[in-house]
$ cat protein36.cif   # mmCIF, N, CA and C atoms
data_query
loop_
_atom_site.label_atom_id
_atom_site.label_comp_id
_atom_site.auth_asym_id
_atom_site.auth_seq_id
_atom_site.Cartn_x
_atom_site.Cartn_y
_atom_site.Cartn_z
N MET A 1 0.84 -1.18 0.00
CA MET A 1 0.00 0.00 0.00
C MET A 1 0.89 1.24 0.00
N ASP A 2 0.48 2.23 -0.77
CA ASP A 2 1.23 3.48 -0.76
C ASP A 2 0.50 4.50 0.13
N SER A 3 0.99 5.73 0.14
CA SER A 3 0.41 6.76 1.01
C SER A 3 -1.03 7.11 0.64
N SER A 4 -1.45 6.76 -0.58
CA SER A 4 -2.83 7.02 -1.02
C SER A 4 -3.70 5.77 -0.91
N ASN A 5 -3.21 4.77 -0.16
CA ASN A 5 -3.94 3.50 0.05
C ASN A 5 -4.19 2.73 -1.24
N ARG A 6 -3.26 2.82 -2.18
CA ARG A 6 -3.35 2.04 -3.41
C ARG A 6 -2.46 0.81 -3.24
N ALA A 7 -3.01 -0.34 -3.57
CA ALA A 7 -2.25 -1.59 -3.43
C ALA A 7 -1.45 -1.84 -4.70
N TYR A 8 -0.26 -2.37 -4.52
CA TYR A 8 0.61 -2.74 -5.63
C TYR A 8 0.95 -4.21 -5.51
N LEU A 9 1.07 -4.86 -6.63
CA LEU A 9 1.34 -6.28 -6.68
C LEU A 9 2.79 -6.49 -7.09
N GLY A 10 3.55 -7.20 -6.27
CA GLY A 10 4.94 -7.49 -6.59
C GLY A 10 5.05 -8.65 -7.57
N MET A 11 6.20 -8.79 -8.17
CA MET A 11 6.40 -9.86 -9.15
C MET A 11 6.19 -11.24 -8.53
N LYS A 12 6.69 -11.44 -7.31
CA LYS A 12 6.53 -12.73 -6.63
C LYS A 12 5.04 -13.05 -6.45
N ASP A 13 4.27 -12.04 -6.03
CA ASP A 13 2.82 -12.23 -5.86
C ASP A 13 2.13 -12.52 -7.18
N TYR A 14 2.57 -11.85 -8.23
CA TYR A 14 1.98 -12.05 -9.57
C TYR A 14 2.22 -13.48 -10.04
N VAL A 15 3.45 -13.97 -9.90
CA VAL A 15 3.78 -15.33 -10.32
C VAL A 15 3.04 -16.35 -9.45
N ASN A 16 2.95 -16.09 -8.15
CA ASN A 16 2.19 -16.99 -7.26
C ASN A 16 0.72 -17.04 -7.67
N PHE A 17 0.17 -15.87 -8.01
CA PHE A 17 -1.22 -15.84 -8.48
C PHE A 17 -1.38 -16.72 -9.72
N LEU A 18 -0.48 -16.57 -10.68
CA LEU A 18 -0.58 -17.34 -11.92
C LEU A 18 -0.51 -18.84 -11.65
N MET A 19 0.43 -19.26 -10.82
CA MET A 19 0.58 -20.69 -10.53
C MET A 19 -0.66 -21.23 -9.82
N ASN A 20 -1.19 -20.47 -8.86
CA ASN A 20 -2.42 -20.88 -8.18
C ASN A 20 -3.61 -20.88 -9.14
N PHE A 21 -3.65 -19.92 -10.04
CA PHE A 21 -4.73 -19.84 -11.03
C PHE A 21 -4.77 -21.09 -11.89
N TRP A 22 -3.61 -21.52 -12.41
CA TRP A 22 -3.57 -22.71 -13.26
C TRP A 22 -3.96 -23.95 -12.48
N ASP A 23 -3.57 -24.04 -11.20
CA ASP A 23 -3.99 -25.17 -10.37
C ASP A 23 -5.51 -25.21 -10.22
N GLU A 24 -6.12 -24.05 -10.00
CA GLU A 24 -7.57 -24.00 -9.87
C GLU A 24 -8.27 -24.32 -11.20
N ILE A 25 -7.73 -23.82 -12.30
CA ILE A 25 -8.31 -24.13 -13.61
C ILE A 25 -8.26 -25.64 -13.85
N ASP A 26 -7.15 -26.27 -13.45
CA ASP A 26 -7.01 -27.72 -13.62
C ASP A 26 -8.10 -28.48 -12.87
N LYS A 27 -8.56 -27.92 -11.75
CA LYS A 27 -9.59 -28.58 -10.95
C LYS A 27 -11.00 -28.41 -11.53
N VAL A 28 -11.27 -27.26 -12.18
CA VAL A 28 -12.65 -26.94 -12.52
C VAL A 28 -12.96 -26.84 -14.01
N TYR A 29 -11.96 -26.93 -14.89
CA TYR A 29 -12.25 -26.63 -16.30
C TYR A 29 -13.06 -27.71 -16.99
N ASP A 30 -13.08 -28.92 -16.45
CA ASP A 30 -13.95 -30.00 -16.92
C ASP A 30 -13.77 -30.34 -18.39
N GLY A 31 -12.56 -30.27 -18.89
CA GLY A 31 -12.29 -30.68 -20.26
C GLY A 31 -12.65 -29.67 -21.33
N HIS A 32 -13.03 -28.48 -20.94
CA HIS A 32 -13.40 -27.44 -21.90
C HIS A 32 -12.24 -26.48 -22.13
N THR A 33 -12.28 -25.78 -23.23
CA THR A 33 -11.31 -24.74 -23.50
C THR A 33 -11.59 -23.56 -22.56
N VAL A 34 -10.53 -22.98 -22.03
CA VAL A 34 -10.64 -21.87 -21.09
C VAL A 34 -10.10 -20.61 -21.77
N ALA A 35 -10.84 -19.52 -21.69
CA ALA A 35 -10.40 -18.24 -22.26
C ALA A 35 -10.15 -17.27 -21.12
N VAL A 36 -8.98 -16.64 -21.13
CA VAL A 36 -8.62 -15.65 -20.10
C VAL A 36 -8.04 -14.42 -20.78
N SER A 37 -8.15 -13.29 -20.10
CA SER A 37 -7.51 -12.08 -20.62
C SER A 37 -6.05 -12.08 -20.18
N LEU A 38 -5.29 -11.16 -20.71
CA LEU A 38 -3.90 -11.02 -20.31
C LEU A 38 -3.88 -10.32 -18.96
N PHE A 39 -3.61 -11.08 -17.90
CA PHE A 39 -3.65 -10.55 -16.54
C PHE A 39 -2.61 -9.46 -16.34
N GLY A 40 -3.02 -8.36 -15.72
CA GLY A 40 -2.10 -7.29 -15.39
C GLY A 40 -2.10 -6.13 -16.36
N THR A 41 -2.96 -6.16 -17.37
CA THR A 41 -2.98 -5.07 -18.34
C THR A 41 -4.09 -4.06 -18.07
N GLY A 42 -4.92 -4.34 -17.08
CA GLY A 42 -6.02 -3.44 -16.77
C GLY A 42 -5.70 -2.53 -15.60
N ILE A 43 -6.49 -2.63 -14.56
CA ILE A 43 -6.34 -1.74 -13.41
C ILE A 43 -5.29 -2.23 -12.42
N ALA A 44 -4.73 -3.39 -12.65
CA ALA A 44 -3.72 -3.92 -11.72
C ALA A 44 -2.51 -2.98 -11.66
N ARG A 45 -2.04 -2.76 -10.47
CA ARG A 45 -0.83 -1.95 -10.27
C ARG A 45 0.30 -2.93 -10.00
N LEU A 46 1.14 -3.12 -10.97
CA LEU A 46 2.22 -4.09 -10.85
C LEU A 46 3.46 -3.46 -10.26
N TRP A 47 4.42 -4.31 -9.92
CA TRP A 47 5.65 -3.91 -9.24
C TRP A 47 6.43 -2.81 -9.94
N ASP A 48 6.22 -2.69 -11.23
CA ASP A 48 7.01 -1.74 -12.00
C ASP A 48 6.14 -1.25 -13.15
N ASN A 49 5.99 0.04 -13.27
CA ASN A 49 5.14 0.58 -14.34
C ASN A 49 5.71 0.36 -15.72
N SER A 50 6.97 -0.04 -15.80
CA SER A 50 7.58 -0.23 -17.11
C SER A 50 7.41 -1.65 -17.64
N VAL A 51 6.64 -2.50 -16.95
CA VAL A 51 6.40 -3.86 -17.42
C VAL A 51 5.56 -3.79 -18.69
N THR A 52 6.03 -4.43 -19.74
CA THR A 52 5.34 -4.37 -21.03
C THR A 52 4.31 -5.49 -21.15
N HIS A 53 3.42 -5.31 -22.09
CA HIS A 53 2.44 -6.36 -22.39
C HIS A 53 3.16 -7.63 -22.84
N GLN A 54 4.23 -7.46 -23.59
CA GLN A 54 5.01 -8.61 -24.06
C GLN A 54 5.55 -9.41 -22.87
N GLU A 55 6.11 -8.71 -21.88
CA GLU A 55 6.66 -9.38 -20.70
C GLU A 55 5.57 -10.08 -19.90
N LEU A 56 4.41 -9.46 -19.79
CA LEU A 56 3.30 -10.09 -19.09
C LEU A 56 2.86 -11.37 -19.80
N LEU A 57 2.74 -11.31 -21.11
CA LEU A 57 2.35 -12.49 -21.87
C LEU A 57 3.38 -13.60 -21.70
N GLU A 58 4.65 -13.25 -21.75
CA GLU A 58 5.70 -14.26 -21.58
C GLU A 58 5.66 -14.88 -20.19
N LEU A 59 5.35 -14.08 -19.16
CA LEU A 59 5.21 -14.62 -17.80
C LEU A 59 4.01 -15.57 -17.70
N VAL A 60 2.91 -15.19 -18.32
CA VAL A 60 1.72 -16.05 -18.31
C VAL A 60 2.02 -17.37 -18.99
N LEU A 61 2.66 -17.32 -20.15
CA LEU A 61 3.00 -18.55 -20.87
C LEU A 61 4.01 -19.39 -20.08
N TRP A 62 5.00 -18.74 -19.46
CA TRP A 62 5.98 -19.47 -18.65
C TRP A 62 5.29 -20.19 -17.49
N SER A 63 4.36 -19.47 -16.82
CA SER A 63 3.67 -20.08 -15.68
C SER A 63 2.78 -21.23 -16.13
N LEU A 64 2.14 -21.10 -17.27
CA LEU A 64 1.31 -22.18 -17.80
C LEU A 64 2.16 -23.39 -18.12
N LYS A 65 3.30 -23.16 -18.76
CA LYS A 65 4.19 -24.26 -19.11
C LYS A 65 4.71 -24.98 -17.86
N ASN A 66 4.95 -24.23 -16.79
CA ASN A 66 5.51 -24.80 -15.57
C ASN A 66 4.47 -25.22 -14.54
N SER A 67 3.21 -25.09 -14.89
CA SER A 67 2.14 -25.52 -13.98
C SER A 67 1.92 -27.02 -14.13
N ARG A 68 1.08 -27.55 -13.26
CA ARG A 68 0.79 -28.99 -13.30
C ARG A 68 -0.50 -29.28 -14.06
N ILE A 69 -1.02 -28.32 -14.80
CA ILE A 69 -2.29 -28.49 -15.48
C ILE A 69 -2.17 -29.56 -16.58
N GLN A 70 -3.16 -30.42 -16.63
CA GLN A 70 -3.22 -31.47 -17.64
C GLN A 70 -4.50 -31.25 -18.45
N LEU A 71 -4.34 -30.78 -19.67
CA LEU A 71 -5.51 -30.49 -20.50
C LEU A 71 -5.95 -31.74 -21.25
N ALA A 72 -7.26 -31.93 -21.33
CA ALA A 72 -7.80 -33.05 -22.09
C ALA A 72 -7.59 -32.81 -23.57
N TYR A 73 -7.59 -33.88 -24.33
CA TYR A 73 -7.43 -33.77 -25.78
C TYR A 73 -8.53 -32.87 -26.33
N GLY A 74 -8.15 -31.90 -27.14
CA GLY A 74 -9.10 -30.99 -27.75
C GLY A 74 -9.38 -29.74 -26.94
N ALA A 75 -9.00 -29.75 -25.67
CA ALA A 75 -9.20 -28.56 -24.82
C ALA A 75 -7.96 -27.68 -24.93
N GLY A 76 -8.09 -26.45 -24.53
CA GLY A 76 -6.94 -25.54 -24.61
C GLY A 76 -7.14 -24.32 -23.75
N ILE A 77 -6.15 -23.48 -23.78
CA ILE A 77 -6.18 -22.20 -23.09
C ILE A 77 -6.08 -21.11 -24.16
N LYS A 78 -7.02 -20.19 -24.15
CA LYS A 78 -6.99 -19.04 -25.06
C LYS A 78 -6.70 -17.80 -24.25
N ILE A 79 -5.65 -17.08 -24.62
CA ILE A 79 -5.33 -15.83 -23.96
C ILE A 79 -5.80 -14.71 -24.87
N ILE A 80 -6.74 -13.93 -24.39
CA ILE A 80 -7.37 -12.89 -25.20
C ILE A 80 -6.60 -11.59 -25.04
N LEU A 81 -6.17 -11.05 -26.15
CA LEU A 81 -5.51 -9.74 -26.18
C LEU A 81 -6.52 -8.74 -26.73
N TYR A 82 -6.64 -7.61 -26.07
CA TYR A 82 -7.60 -6.60 -26.52
C TYR A 82 -6.99 -5.22 -26.31
N GLY A 83 -7.60 -4.25 -26.93
CA GLY A 83 -7.14 -2.88 -26.79
C GLY A 83 -5.72 -2.69 -27.28
N GLU A 84 -4.94 -1.95 -26.51
CA GLU A 84 -3.56 -1.64 -26.91
C GLU A 84 -2.66 -2.86 -26.88
N ALA A 85 -3.03 -3.91 -26.16
CA ALA A 85 -2.21 -5.12 -26.10
C ALA A 85 -2.06 -5.77 -27.47
N VAL A 86 -3.08 -5.64 -28.31
CA VAL A 86 -3.04 -6.26 -29.64
C VAL A 86 -1.88 -5.70 -30.44
N GLU A 87 -1.64 -4.41 -30.33
CA GLU A 87 -0.58 -3.77 -31.10
C GLU A 87 0.79 -3.86 -30.43
N LYS A 88 0.81 -4.11 -29.12
CA LYS A 88 2.08 -4.07 -28.39
C LYS A 88 2.73 -5.44 -28.20
N VAL A 89 2.05 -6.50 -28.59
CA VAL A 89 2.59 -7.85 -28.38
C VAL A 89 3.04 -8.45 -29.71
N ARG A 90 4.25 -8.98 -29.71
CA ARG A 90 4.75 -9.72 -30.87
C ARG A 90 4.49 -11.19 -30.62
N LEU A 91 3.68 -11.82 -31.44
CA LEU A 91 3.39 -13.23 -31.26
C LEU A 91 4.43 -14.12 -31.94
N TYR A 92 5.11 -13.55 -32.92
CA TYR A 92 6.12 -14.31 -33.62
C TYR A 92 7.26 -14.64 -32.67
N GLY A 93 7.63 -15.89 -32.61
CA GLY A 93 8.73 -16.32 -31.76
C GLY A 93 8.32 -16.79 -30.39
N LEU A 94 7.05 -16.63 -30.02
CA LEU A 94 6.60 -17.14 -28.74
C LEU A 94 6.39 -18.64 -28.82
N GLU A 95 6.79 -19.34 -27.78
CA GLU A 95 6.59 -20.77 -27.76
C GLU A 95 5.37 -21.09 -26.90
N PRO A 96 4.55 -22.04 -27.34
CA PRO A 96 3.37 -22.41 -26.55
C PRO A 96 3.75 -23.12 -25.28
#
$ encode --input "protein36.cif" --output "structure tokens"
Amino acid sequence: MDSSNRAYLGMKDYVNFLMNFWDEIDKVYDGHTVAVSLFGTGIARLWDNSVTHQELLELVLWSLKNSRIQLAYGAGIKIILYGEAVEKVRLYGLEP
């Protein structure tokens, strides 16, 4: 919390959130495709204002890759990019 009572999320907390999120998705997704937005691009106040959309997407993908989630055949995870994120993210070269 800062002097104006605004909460900020540190990188460790952000990564912990992502890992816990994938664990919960693994419990409840029931074999369906899951669509999520790019976490941290809205009203979230992250540890550093200079964090780019590209870096956030790479963190989300890294956490998904390192999670214990087991997707059923035909199911998947869709990360929805909207607004300015569409223009600021390079998809070329990203690994699933």
$ residues_around --input "protein36.cif" --residues "segment 71-86 of chain A" --least-positions-apart "6" --cutoff "7 Å" --atoms "all atoms listed in the file" --output "ChimeraX atom specification"
/A:31-38,53
$ write_last_selection --input "protein36.cif" --atoms "N, CA and C atoms" --output "compact mmCIF listing (two decimals), keeping the file's coordinate frame"
# COMPACT_ATOMS: atom_id res chain seq x y z
N GLY A 31 -12.56 -30.27 -18.89
CA GLY A 31 -12.29 -30.68 -20.26
C GLY A 31 -12.65 -29.67 -21.33
N HIS A 32 -13.03 -28.48 -20.94
CA HIS A 32 -13.40 -27.44 -21.90
C HIS A 32 -12.24 -26.48 -22.13
N THR A 33 -12.28 -25.78 -23.23
CA THR A 33 -11.31 -24.74 -23.50
C THR A 33 -11.59 -23.56 -22.56
N VAL A 34 -10.53 -22.98 -22.03
CA VAL A 34 -10.64 -21.87 -21.09
C VAL A 34 -10.10 -20.61 -21.77
N ALA A 35 -10.84 -19.52 -21.69
CA ALA A 35 -10.40 -18.24 -22.26
C ALA A 35 -10.15 -17.27 -21.12
N VAL A 36 -8.98 -16.64 -21.13
CA VAL A 36 -8.62 -15.65 -20.10
C VAL A 36 -8.04 -14.42 -20.78
N SER A 37 -8.15 -13.29 -20.10
CA SER A 37 -7.51 -12.08 -20.62
C SER A 37 -6.05 -12.08 -20.18
N LEU A 38 -5.29 -11.16 -20.71
CA LEU A 38 -3.90 -11.02 -20.31
C LEU A 38 -3.88 -10.32 -18.96
N HIS A 53 3.42 -5.31 -22.09
CA HIS A 53 2.44 -6.36 -22.39
C HIS A 53 3.16 -7.63 -22.84
$ atom_distance --input "protein36.cif" --atom1 "atom CA of Thr41 of chain A" --atom2 "atom N of Leu91 of chain A"
16.2 Å
$ atom_distance --input "protein36.cif" --atom1 "atom CA of Met19 of chain A" --atom2 "atom CA of Leu64 of chain A"
7.5 Å
$ closest_residue --input "protein36.cif" --among "A:Trp22, A:Tyr29, A:Ser3, A:Asp13" --to "Val60 of chain A" --atoms "only C-alpha atoms"
A:Trp22
$ closest_residue --input "protein36.cif" --among "A:Leu9, A:Arg68, A:Val15, A:Phe39" --to "Leu56 of chain A" --atoms "all atoms listed in the file"
A:Phe39
$ select_by_dssp --input "protein36.cif" --residues "chain A" --states "strand (DSSP E)" --output "number ranges by chain"
A: 34-37, 77-80
$ write_last_selection --input "protein36.cif" --atoms "N, CA and C atoms" --output "mmCIF file, keeping the file's coordinate frame"
data_model
loop_
_atom_site.group_PDB
_atom_site.id
_atom_site.type_symbol
_atom_site.label_atom_id
_atom_site.label_comp_id
_atom_site.auth_asym_id
_atom_site.auth_seq_id
_atom_site.Cartn_x
_atom_site.Cartn_y
_atom_site.Cartn_z
ATOM 1 N N VAL A 34 -10.530 -22.980 -22.030
ATOM 2 C CA VAL A 34 -10.640 -21.870 -21.090
ATOM 3 C C VAL A 34 -10.100 -20.610 -21.770
ATOM 4 N N ALA A 35 -10.840 -19.520 -21.690
ATOM 5 C CA ALA A 35 -10.400 -18.240 -22.260
ATOM 6 C C ALA A 35 -10.150 -17.270 -21.120
ATOM 7 N N VAL A 36 -8.980 -16.640 -21.130
ATOM 8 C CA VAL A 36 -8.620 -15.650 -20.100
ATOM 9 C C VAL A 36 -8.040 -14.420 -20.780
ATOM 10 N N SER A 37 -8.150 -13.290 -20.100
ATOM 11 C CA SER A 37 -7.510 -12.080 -20.620
ATOM 12 C C SER A 37 -6.050 -12.080 -20.180
ATOM 13 N N ILE A 77 -6.150 -23.480 -23.780
ATOM 14 C CA ILE A 77 -6.180 -22.200 -23.090
ATOM 15 C C ILE A 77 -6.080 -21.110 -24.160
ATOM 16 N N LYS A 78 -7.020 -20.190 -24.150
ATOM 17 C CA LYS A 78 -6.990 -19.040 -25.060
ATOM 18 C C LYS A 78 -6.700 -17.800 -24.250
ATOM 19 N N ILE A 79 -5.650 -17.080 -24.620
ATOM 20 C CA ILE A 79 -5.330 -15.830 -23.960
ATOM 21 C C ILE A 79 -5.800 -14.710 -24.870
ATOM 22 N N ILE A 80 -6.740 -13.930 -24.390
ATOM 23 C CA ILE A 80 -7.370 -12.890 -25.200
ATOM 24 C C ILE A 80 -6.600 -11.590 -25.040
#
$ build_atoms --input "protein36.cif" --residues "segment 4-27 of chain A" --atoms "N, CA, C and O atoms" --output "PDB file, in the frame of the given file"
ATOM      1  N   SER A   4      -1.450   6.760  -0.580  1.00  0.00           N
ATOM      2  CA  SER A   4      -2.830   7.020  -1.020  1.00  0.00           C
ATOM      3  C   SER A   4      -3.700   5.770  -0.910  1.00  0.00           C
ATOM      4  O   SER A   4      -4.777   5.693  -1.505  1.00  0.00           O
ATOM      5  N   ASN A   5      -3.210   4.770  -0.160  1.00  0.00           N
ATOM      6  CA  ASN A   5      -3.940   3.500   0.050  1.00  0.00           C
ATOM      7  C   ASN A   5      -4.190   2.730  -1.240  1.00  0.00           C
ATOM      8  O   ASN A   5      -5.209   2.080  -1.382  1.00  0.00           O
ATOM      9  N   ARG A   6      -3.260   2.820  -2.180  1.00  0.00           N
ATOM     10  CA  ARG A   6      -3.350   2.040  -3.410  1.00  0.00           C
ATOM     11  C   ARG A   6      -2.460   0.810  -3.240  1.00  0.00           C
ATOM     12  O   ARG A   6      -1.306   0.922  -2.827  1.00  0.00           O
ATOM     13  N   ALA A   7      -3.010  -0.340  -3.570  1.00  0.00           N
ATOM     14  CA  ALA A   7      -2.250  -1.590  -3.430  1.00  0.00           C
ATOM     15  C   ALA A   7      -1.450  -1.840  -4.700  1.00  0.00           C
ATOM     16  O   ALA A   7      -1.893  -1.537  -5.809  1.00  0.00           O
ATOM     17  N   TYR A   8      -0.260  -2.370  -4.520  1.00  0.00           N
ATOM     18  CA  TYR A   8       0.610  -2.740  -5.630  1.00  0.00           C
ATOM     19  C   TYR A   8       0.950  -4.210  -5.510  1.00  0.00           C
ATOM     20  O   TYR A   8       1.078  -4.735  -4.414  1.00  0.00           O
ATOM     21  N   LEU A   9       1.070  -4.860  -6.630  1.00  0.00           N
ATOM     22  CA  LEU A   9       1.340  -6.280  -6.680  1.00  0.00           C
ATOM     23  C   LEU A   9       2.790  -6.490  -7.090  1.00  0.00           C
ATOM     24  O   LEU A   9       3.210  -6.002  -8.137  1.00  0.00           O
ATOM     25  N   GLY A  10       3.550  -7.200  -6.270  1.00  0.00           N
ATOM     26  CA  GLY A  10       4.940  -7.490  -6.590  1.00  0.00           C
ATOM     27  C   GLY A  10       5.050  -8.650  -7.570  1.00  0.00           C
ATOM     28  O   GLY A  10       4.095  -9.405  -7.777  1.00  0.00           O
ATOM     29  N   MET A  11       6.200  -8.790  -8.170  1.00  0.00           N
ATOM     30  CA  MET A  11       6.400  -9.860  -9.150  1.00  0.00           C
ATOM     31  C   MET A  11       6.190 -11.240  -8.530  1.00  0.00           C
ATOM     32  O   MET A  11       5.574 -12.100  -9.133  1.00  0.00           O
ATOM     33  N   LYS A  12       6.690 -11.440  -7.310  1.00  0.00           N
ATOM     34  CA  LYS A  12       6.530 -12.730  -6.630  1.00  0.00           C
ATOM     35  C   LYS A  12       5.040 -13.050  -6.450  1.00  0.00           C
ATOM     36  O   LYS A  12       4.602 -14.167  -6.693  1.00  0.00           O
ATOM     37  N   ASP A  13       4.270 -12.040  -6.030  1.00  0.00           N
ATOM     38  CA  ASP A  13       2.820 -12.230  -5.860  1.00  0.00           C
ATOM     39  C   ASP A  13       2.130 -12.520  -7.180  1.00  0.00           C
ATOM     40  O   ASP A  13       1.215 -13.333  -7.254  1.00  0.00           O
ATOM     41  N   TYR A  14       2.570 -11.850  -8.230  1.00  0.00           N
ATOM     42  CA  TYR A  14       1.980 -12.050  -9.570  1.00  0.00           C
ATOM     43  C   TYR A  14       2.220 -13.480 -10.040  1.00  0.00           C
ATOM     44  O   TYR A  14       1.305 -14.157 -10.509  1.00  0.00           O
ATOM     45  N   VAL A  15       3.450 -13.970  -9.900  1.00  0.00           N
ATOM     46  CA  VAL A  15       3.780 -15.330 -10.320  1.00  0.00           C
ATOM     47  C   VAL A  15       3.040 -16.350  -9.450  1.00  0.00           C
ATOM     48  O   VAL A  15       2.516 -17.340  -9.964  1.00  0.00           O
ATOM     49  N   ASN A  16       2.950 -16.090  -8.150  1.00  0.00           N
ATOM     50  CA  ASN A  16       2.190 -16.990  -7.260  1.00  0.00           C
ATOM     51  C   ASN A  16       0.720 -17.040  -7.670  1.00  0.00           C
ATOM     52  O   ASN A  16       0.104 -18.099  -7.673  1.00  0.00           O
ATOM     53  N   PHE A  17       0.170 -15.870  -8.010  1.00  0.00           N
ATOM     54  CA  PHE A  17      -1.220 -15.840  -8.480  1.00  0.00           C
ATOM     55  C   PHE A  17      -1.380 -16.720  -9.720  1.00  0.00           C
ATOM     56  O   PHE A  17      -2.313 -17.527  -9.816  1.00  0.00           O
ATOM     57  N   LEU A  18      -0.480 -16.570 -10.680  1.00  0.00           N
ATOM     58  CA  LEU A  18      -0.580 -17.340 -11.920  1.00  0.00           C
ATOM     59  C   LEU A  18      -0.510 -18.840 -11.650  1.00  0.00           C
ATOM     60  O   LEU A  18      -1.316 -19.616 -12.191  1.00  0.00           O
ATOM     61  N   MET A  19       0.430 -19.260 -10.820  1.00  0.00           N
ATOM     62  CA  MET A  19       0.580 -20.690 -10.530  1.00  0.00           C
ATOM     63  C   MET A  19      -0.660 -21.230  -9.820  1.00  0.00           C
ATOM     64  O   MET A  19      -1.158 -22.312 -10.153  1.00  0.00           O
ATOM     65  N   ASN A  20      -1.190 -20.470  -8.860  1.00  0.00           N
ATOM     66  CA  ASN A  20      -2.420 -20.880  -8.180  1.00  0.00           C
ATOM     67  C   ASN A  20      -3.610 -20.880  -9.140  1.00  0.00           C
ATOM     68  O   ASN A  20      -4.484 -21.756  -9.059  1.00  0.00           O
ATOM     69  N   PHE A  21      -3.650 -19.920 -10.040  1.00  0.00           N
ATOM     70  CA  PHE A  21      -4.730 -19.840 -11.030  1.00  0.00           C
ATOM     71  C   PHE A  21      -4.770 -21.090 -11.890  1.00  0.00           C
ATOM     72  O   PHE A  21      -5.818 -21.693 -12.092  1.00  0.00           O
ATOM     73  N   TRP A  22      -3.610 -21.520 -12.410  1.00  0.00           N
ATOM     74  CA  TRP A  22      -3.570 -22.710 -13.260  1.00  0.00           C
ATOM     75  C   TRP A  22      -3.960 -23.950 -12.480  1.00  0.00           C
ATOM     76  O   TRP A  22      -4.629 -24.840 -13.007  1.00  0.00           O
ATOM     77  N   ASP A  23      -3.570 -24.040 -11.200  1.00  0.00           N
ATOM     78  CA  ASP A  23      -3.990 -25.170 -10.370  1.00  0.00           C
ATOM     79  C   ASP A  23      -5.510 -25.210 -10.220  1.00  0.00           C
ATOM     80  O   ASP A  23      -6.123 -26.276 -10.308  1.00  0.00           O
ATOM     81  N   GLU A  24      -6.120 -24.050 -10.000  1.00  0.00           N
ATOM     82  CA  GLU A  24      -7.570 -24.000  -9.870  1.00  0.00           C
ATOM     83  C   GLU A  24      -8.270 -24.320 -11.200  1.00  0.00           C
ATOM     84  O   GLU A  24      -9.281 -25.014 -11.219  1.00  0.00           O
ATOM     85  N   ILE A  25      -7.730 -23.820 -12.300  1.00  0.00           N
ATOM     86  CA  ILE A  25      -8.310 -24.130 -13.610  1.00  0.00           C
ATOM     87  C   ILE A  25      -8.260 -25.640 -13.850  1.00  0.00           C
ATOM     88  O   ILE A  25      -9.205 -26.237 -14.354  1.00  0.00           O
ATOM     89  N   ASP A  26      -7.150 -26.270 -13.450  1.00  0.00           N
ATOM     90  CA  ASP A  26      -7.010 -27.720 -13.620  1.00  0.00           C
ATOM     91  C   ASP A  26      -8.100 -28.480 -12.870  1.00  0.00           C
ATOM     92  O   ASP A  26      -8.558 -29.523 -13.318  1.00  0.00           O
ATOM     93  N   LYS A  27      -8.560 -27.920 -11.750  1.00  0.00           N
ATOM     94  CA  LYS A  27      -9.590 -28.580 -10.950  1.00  0.00           C
ATOM     95  C   LYS A  27     -11.000 -28.410 -11.530  1.00  0.00           C
ATOM     96  O   LYS A  27     -11.835 -29.283 -11.368  1.00  0.00           O
TER      97      LYS A  27
END
